[in-house]
Amino acid sequence: MRIIAFTSGYKVPSAIYRIREYLDYLRELNINVDEYYPYINKNEPPPYVPTGLQFKYIAPYVIFWFLFKLSFRVRALLKQSEYDVAWLNREFLPGLYTLERFIKIPYVLDFDDAIWLSKPKGEDSFKLLCENAAHIVAGNDFLAEKAMKYNVNVSVIPTSVDTNKIYPLNLVNLKFTLGWVGTAANFIYLYDIEMELVEFLEKTESQLLIVSNIKPVFSNLVEGKHWKFRLWDKNDENIFFNEIDVGIMPLAESDWEKGKCSFKMLQYLAAGKPVVVSPVGTNVNILNKGNCGLFANANEWADKLSILYYSCSLRAEMGLRGRNFVCDNYSIEANIDKLRTIFEEVANEKRT
């Protein structure tokens, strides 16, 4: 079987973890996937736009930027006849239904966020993407429920961890270390609990390791005293997940956050690290079933982190349970057969 994958960009997390991580595993099952991604990722804003300008003045430039990004899709679309199935990593442009209409082979829509909330026309775009898909793969139940309004062929496959690449190492930290890993777009959740982090870090003389694409800008947390920064690099993931003692994942509570698939939380657990997380969306399902960390609501973060800080044995127990839970339920090896079955069914329907 040959599959063409339309992904969102070389460094886009959903492309990396929901598509690219599976390719070697699928190849072993005689399913060959060729990935085509735009050289400028689909979420990249137009450069050199001064702040404060009204949209009507920059509209032609924005339209040109969108068309320029879409141009990278044409080569792949022209090759689609060579393949049995297309694997669509979300939409081509946020909140718009564009060149997807020219996908003429059966496609599997794969998404792991509440993309129908994207501007300017996310709901309309999502509806068309779903209605025209041969099958839909959603990252969690909340997303799947939304997709089922437009298509009955929906499966849930979580964003899965390659547990052969992320696993516990016997590293000893000289200083108790919290870990937060994510893109700059998610710094807002750290900012929401900043004062609680200050309280905990100063009380315990601990530190926070932040791994991201750029540094955050805090109001009260001081770099060098409270936190240190590491630039995200895919090749270093297992190292920095093992350089922490507890992983944190604060979230707000809205439909956008309910659509998140708790992937960073799963990576912490795969490395054998317990977690403290907001009780939102998929976080709740994982923690309730895995018993591998603690929930923290607003004003509870310092107290919940302190529980794990003062109990090395509890950290070890939760970390071990978390590792085993991820391997059994949220690893690539645990979910690869589901994905293979979907592709085989879609390809067989095309042939008949």
# chains A, B, ... in the order shown; residues from 1 in each chain; ligands from 1

call {"tool": "closest_atom_pairs", "arguments": {"of": "region 126-180 of chain A", "to": "region 297-306 of chain A", "cutoff": "12 Å", "atoms": "only C-alpha atoms", "output": "tab-separated table"}}
result
residue	atom	partner	partner_atom	distance
A:Phe176	CA	A:Leu305	CA	11.1
A:Thr177	CA	A:Leu305	CA	10.8
A:Leu178	CA	A:Leu305	CA	8.9
A:Gly179	CA	A:Leu305	CA	11.6

call {"tool": "residues_around", "arguments": {"residues": "region 155-172 of chain A", "least_positions_apart": "6", "cutoff": "8 Å", "atoms": "only C-alpha atoms", "output": "PyMOL selection string"}}
result
chain A and resi 17-18+21+112+135-141+144+237-238+241-243+261+263+266-267+270-272+323+326-327+330-333+335+338-339

call {"tool": "select_by_dssp", "arguments": {"residues": "region 62-144 of chain A", "states": "helix (DSSP H, G or I)", "output": "number ranges by chain"}}
result
A: 62-82, 99-102, 115-117, 122-131, 141-144

call {"tool": "closest_residue", "arguments": {"among": "A:Asp84, A:Glu205, A:Asp192, A:Glu44", "to": "Leu174 (chain A)", "atoms": "only C-alpha atoms"}}
result
A:Glu205

call {"tool": "residues_around", "arguments": {"residues": "Ser125 (chain A)", "least_positions_apart": "4", "cutoff": "8 Å", "atoms": "only C-alpha atoms", "output": "number ranges by chain"}}
result
A: 95-97, 116, 121, 129

call {"tool": "closest_residue", "arguments": {"among": "A:Leu231, A:Ala133, A:Leu308, A:Leu70", "to": "Tyr37 (chain A)", "atoms": "only C-alpha atoms"}}
result
A:Leu70

call {"tool": "closest_residue", "arguments": {"among": "A:Pro94, A:Gly247, A:Gln80, A:Ile58", "to": "Lys42 (chain A)", "atoms": "only C-alpha atoms"}}
result
A:Pro94

call {"tool": "select_by_dssp", "arguments": {"residues": "region 137-264 of chain A", "states": "strand (DSSP E)", "output": "MDAnalysis selection string"}}
result
chainID A and resid 137:138 154:156 177:181 207:212 227:231 246:249

call {"tool": "write_last_selection", "arguments": {"atoms": "N, CA, C and O atoms", "output": "mmCIF file, in the first residue's frame"}}
result
data_model
loop_
_atom_site.group_PDB
_atom_site.id
_atom_site.type_symbol
_atom_site.label_atom_id
_atom_site.label_comp_id
_atom_site.auth_asym_id
_atom_site.auth_seq_id
_atom_site.Cartn_x
_atom_site.Cartn_y
_atom_site.Cartn_z
ATOM 1 N N VAL A 137 -9.593 10.239 11.944
ATOM 2 C CA VAL A 137 -8.872 9.801 13.134
ATOM 3 C C VAL A 137 -8.736 11.007 14.059
ATOM 4 O O VAL A 137 -8.066 11.991 13.716
ATOM 5 N N ALA A 138 -9.380 10.940 15.211
ATOM 6 C CA ALA A 138 -9.360 12.027 16.187
ATOM 7 C C ALA A 138 -8.466 11.650 17.366
ATOM 8 O O ALA A 138 -8.358 10.476 17.727
ATOM 9 N N VAL A 154 -15.476 7.384 12.218
ATOM 10 C CA VAL A 154 -14.554 8.112 13.102
ATOM 11 C C VAL A 154 -13.927 7.138 14.092
ATOM 12 O O VAL A 154 -14.631 6.311 14.690
ATOM 13 N N SER A 155 -12.622 7.225 14.249
ATOM 14 C CA SER A 155 -11.899 6.424 15.238
ATOM 15 C C SER A 155 -11.075 7.341 16.133
ATOM 16 O O SER A 155 -10.640 8.420 15.698
ATOM 17 N N VAL A 156 -10.851 6.908 17.353
ATOM 18 C CA VAL A 156 -9.988 7.647 18.274
ATOM 19 C C VAL A 156 -8.646 6.937 18.371
ATOM 20 O O VAL A 156 -8.579 5.760 18.734
ATOM 21 N N THR A 177 13.786 19.427 40.209
ATOM 22 C CA THR A 177 13.471 20.150 38.983
ATOM 23 C C THR A 177 12.074 19.821 38.477
ATOM 24 O O THR A 177 11.743 18.659 38.241
ATOM 25 N N LEU A 178 11.274 20.869 38.332
ATOM 26 C CA LEU A 178 10.010 20.750 37.619
ATOM 27 C C LEU A 178 10.295 20.891 36.132
ATOM 28 O O LEU A 178 11.249 21.564 35.738
ATOM 29 N N GLY A 179 9.455 20.290 35.303
ATOM 30 C CA GLY A 179 9.648 20.402 33.868
ATOM 31 C C GLY A 179 8.385 20.840 33.157
ATOM 32 O O GLY A 179 7.285 20.372 33.483
ATOM 33 N N TRP A 180 8.552 21.766 32.221
ATOM 34 C CA TRP A 180 7.461 22.159 31.342
ATOM 35 C C TRP A 180 8.009 22.181 29.927
ATOM 36 O O TRP A 180 9.018 22.833 29.636
ATOM 37 N N VAL A 181 7.337 21.464 29.026
ATOM 38 C CA VAL A 181 7.764 21.373 27.629
ATOM 39 C C VAL A 181 6.593 21.782 26.746
ATOM 40 O O VAL A 181 5.470 21.315 26.940
ATOM 41 N N GLN A 207 13.935 24.299 41.029
ATOM 42 C CA GLN A 207 14.030 25.041 39.778
ATOM 43 C C GLN A 207 13.035 24.492 38.767
ATOM 44 O O GLN A 207 12.541 23.362 38.897
ATOM 45 N N LEU A 208 12.752 25.297 37.767
ATOM 46 C CA LEU A 208 11.854 24.923 36.681
ATOM 47 C C LEU A 208 12.654 24.893 35.393
ATOM 48 O O LEU A 208 13.315 25.870 35.035
ATOM 49 N N LEU A 209 12.609 23.768 34.690
ATOM 50 C CA LEU A 209 13.224 23.648 33.372
ATOM 51 C C LEU A 209 12.138 23.869 32.324
ATOM 52 O O LEU A 209 11.137 23.157 32.298
ATOM 53 N N ILE A 210 12.343 24.857 31.462
ATOM 54 C CA ILE A 210 11.417 25.153 30.376
ATOM 55 C C ILE A 210 12.092 24.779 29.069
ATOM 56 O O ILE A 210 13.194 25.248 28.765
ATOM 57 N N VAL A 211 11.428 23.936 28.294
ATOM 58 C CA VAL A 211 11.940 23.517 26.995
ATOM 59 C C VAL A 211 10.954 23.992 25.942
ATOM 60 O O VAL A 211 9.790 23.580 25.938
ATOM 61 N N SER A 212 11.423 24.870 25.050
ATOM 62 C CA SER A 212 10.519 25.449 24.069
ATOM 63 C C SER A 212 11.315 25.976 22.891
ATOM 64 O O SER A 212 12.534 25.814 22.820
ATOM 65 N N TRP A 227 14.245 29.576 37.181
ATOM 66 C CA TRP A 227 14.072 28.730 36.006
ATOM 67 C C TRP A 227 15.263 28.816 35.079
ATOM 68 O O TRP A 227 16.041 29.767 35.109
ATOM 69 N N LYS A 228 15.387 27.760 34.273
ATOM 70 C CA LYS A 228 16.390 27.731 33.221
ATOM 71 C C LYS A 228 15.723 27.281 31.934
ATOM 72 O O LYS A 228 14.664 26.645 31.955
ATOM 73 N N PHE A 229 16.358 27.604 30.825
ATOM 74 C CA PHE A 229 15.758 27.384 29.514
ATOM 75 C C PHE A 229 16.611 26.428 28.695
ATOM 76 O O PHE A 229 17.840 26.446 28.765
ATOM 77 N N ARG A 230 15.913 25.620 27.914
ATOM 78 C CA ARG A 230 16.592 24.747 26.961
ATOM 79 C C ARG A 230 15.830 24.792 25.654
ATOM 80 O O ARG A 230 14.599 24.655 25.640
ATOM 81 N N LEU A 231 16.544 24.993 24.571
ATOM 82 C CA LEU A 231 15.919 25.038 23.256
ATOM 83 C C LEU A 231 15.485 23.631 22.855
ATOM 84 O O LEU A 231 16.270 22.686 22.926
ATOM 85 N N VAL A 246 9.481 16.118 38.163
ATOM 86 C CA VAL A 246 8.023 16.146 38.028
ATOM 87 C C VAL A 246 7.681 16.987 36.807
ATOM 88 O O VAL A 246 8.220 18.083 36.630
ATOM 89 N N GLY A 247 6.775 16.477 35.960
ATOM 90 C CA GLY A 247 6.306 17.246 34.812
ATOM 91 C C GLY A 247 5.023 17.974 35.148
ATOM 92 O O GLY A 247 4.174 17.453 35.884
ATOM 93 N N ILE A 248 4.874 19.185 34.631
ATOM 94 C CA ILE A 248 3.652 19.952 34.893
ATOM 95 C C ILE A 248 2.953 20.284 33.579
ATOM 96 O O ILE A 248 3.584 20.475 32.544
ATOM 97 N N MET A 249 1.621 20.339 33.649
ATOM 98 C CA MET A 249 0.815 20.693 32.477
ATOM 99 C C MET A 249 -0.408 21.488 32.922
ATOM 100 O O MET A 249 -1.512 20.958 33.050
#

call {"tool": "closest_residue", "arguments": {"among": "A:Leu117, A:Ile239, A:Val33, A:Ile342", "to": "Ser254 (chain A)", "atoms": "only C-alpha atoms"}}
result
A:Leu117

call {"tool": "closest_residue", "arguments": {"among": "A:Tyr191, A:Phe240, A:Phe111, A:Phe200", "to": "Ser219 (chain A)", "atoms": "only C-alpha atoms"}}
result
A:Tyr191

call {"tool": "closest_residue", "arguments": {"among": "A:Leu78, A:Leu143, A:Ile286, A:Ala86", "to": "Lys260 (chain A)", "atoms": "only C-alpha atoms"}}
result
A:Leu143

call {"tool": "residues_around", "arguments": {"residues": "Leu294 (chain A)", "least_positions_apart": "3", "cutoff": "9 Å", "atoms": "only C-alpha atoms", "output": "number ranges by chain"}}
result
A: 274-278, 287, 291, 304-305, 308

call {"tool": "write_last_selection", "arguments": {"atoms": "N, CA, C and O atoms", "output": "JSON list (two decimals), in the first residue's frame"}}
result
[["chain", "number", "residue", "atom", "x", "y", "z"],
["A", 274, "PRO", "N", 6.37, 11.42, 37.40],
["A", 274, "PRO", "CA", 5.00, 11.74, 37.79],
["A", 274, "PRO", "C", 4.64, 13.15, 37.34],
["A", 274, "PRO", "O", 5.53, 13.94, 36.98],
["A", 275, "VAL", "N", 3.36, 13.46, 37.35],
["A", 275, "VAL", "CA", 2.90, 14.74, 36.81],
["A", 275, "VAL", "C", 1.97, 15.44, 37.79],
["A", 275, "VAL", "O", 1.32, 14.81, 38.63],
["A", 276, "VAL", "N", 1.91, 16.76, 37.65],
["A", 276, "VAL", "CA", 0.87, 17.58, 38.27],
["A", 276, "VAL", "C", 0.23, 18.34, 37.12],
["A", 276, "VAL", "O", 0.92, 19.06, 36.38],
["A", 277, "VAL", "N", -1.10, 18.19, 36.96],
["A", 277, "VAL", "CA", -1.77, 18.72, 35.78],
["A", 277, "VAL", "C", -3.11, 19.33, 36.15],
["A", 277, "VAL", "O", -3.69, 19.02, 37.20],
["A", 278, "SER", "N", -3.60, 20.20, 35.29],
["A", 278, "SER", "CA", -4.95, 20.73, 35.45],
["A", 278, "SER", "C", -5.97, 19.65, 35.12],
["A", 278, "SER", "O", -5.77, 18.88, 34.17],
["A", 287, "LEU", "N", -5.11, 10.54, 34.09],
["A", 287, "LEU", "CA", -4.74, 10.48, 35.50],
["A", 287, "LEU", "C", -5.67, 9.58, 36.30],
["A", 287, "LEU", "O", -5.22, 8.84, 37.19],
["A", 291, "ASN", "N", -3.39, 6.68, 37.57],
["A", 291, "ASN", "CA", -2.98, 6.93, 38.95],
["A", 291, "ASN", "C", -1.48, 7.26, 39.01],
["A", 291, "ASN", "O", -0.73, 6.65, 39.77],
["A", 304, "LYS", "N", 0.20, 20.92, 45.80],
["A", 304, "LYS", "CA", 0.29, 19.62, 45.12],
["A", 304, "LYS", "C", 1.74, 19.30, 44.73],
["A", 304, "LYS", "O", 2.18, 18.15, 44.86],
["A", 305, "LEU", "N", 2.47, 20.29, 44.28],
["A", 305, "LEU", "CA", 3.88, 20.07, 43.97],
["A", 305, "LEU", "C", 4.68, 19.71, 45.21],
["A", 305, "LEU", "O", 5.59, 18.87, 45.17],
["A", 308, "LEU", "N", 4.66, 15.93, 46.16],
["A", 308, "LEU", "CA", 5.62, 15.11, 45.44],
["A", 308, "LEU", "C", 7.06, 15.46, 45.80],
["A", 308, "LEU", "O", 7.94, 14.60, 45.82]]

call {"tool": "residues_around", "arguments": {"residues": "Asn32 (chain A)", "least_positions_apart": "3", "cutoff": "7 Å", "atoms": "only C-alpha atoms", "output": "PyMOL selection string"}}
result
chain A and resi 1-3+26-27

call {"tool": "write_last_selection", "arguments": {"atoms": "C-alpha atoms", "output": "PDB file, in the first residue's frame"}}
result
ATOM      1  CA  MET A   1       0.000   0.000   0.000  1.00  0.00           C
ATOM      2  CA  ARG A   2       1.197   3.510  -0.805  1.00  0.00           C
ATOM      3  CA  ILE A   3       0.052   6.544   1.181  1.00  0.00           C
ATOM      4  CA  LEU A  26       4.120   1.326   9.083  1.00  0.00           C
ATOM      5  CA  ARG A  27       6.924   0.451   6.654  1.00  0.00           C
TER       6      ARG A  27
END

call {"tool": "atom_distance", "arguments": {"atom1": "CA of Tyr268 (chain A)", "atom2": "CA of Val12 (chain A)"}}
result
19.5 Å
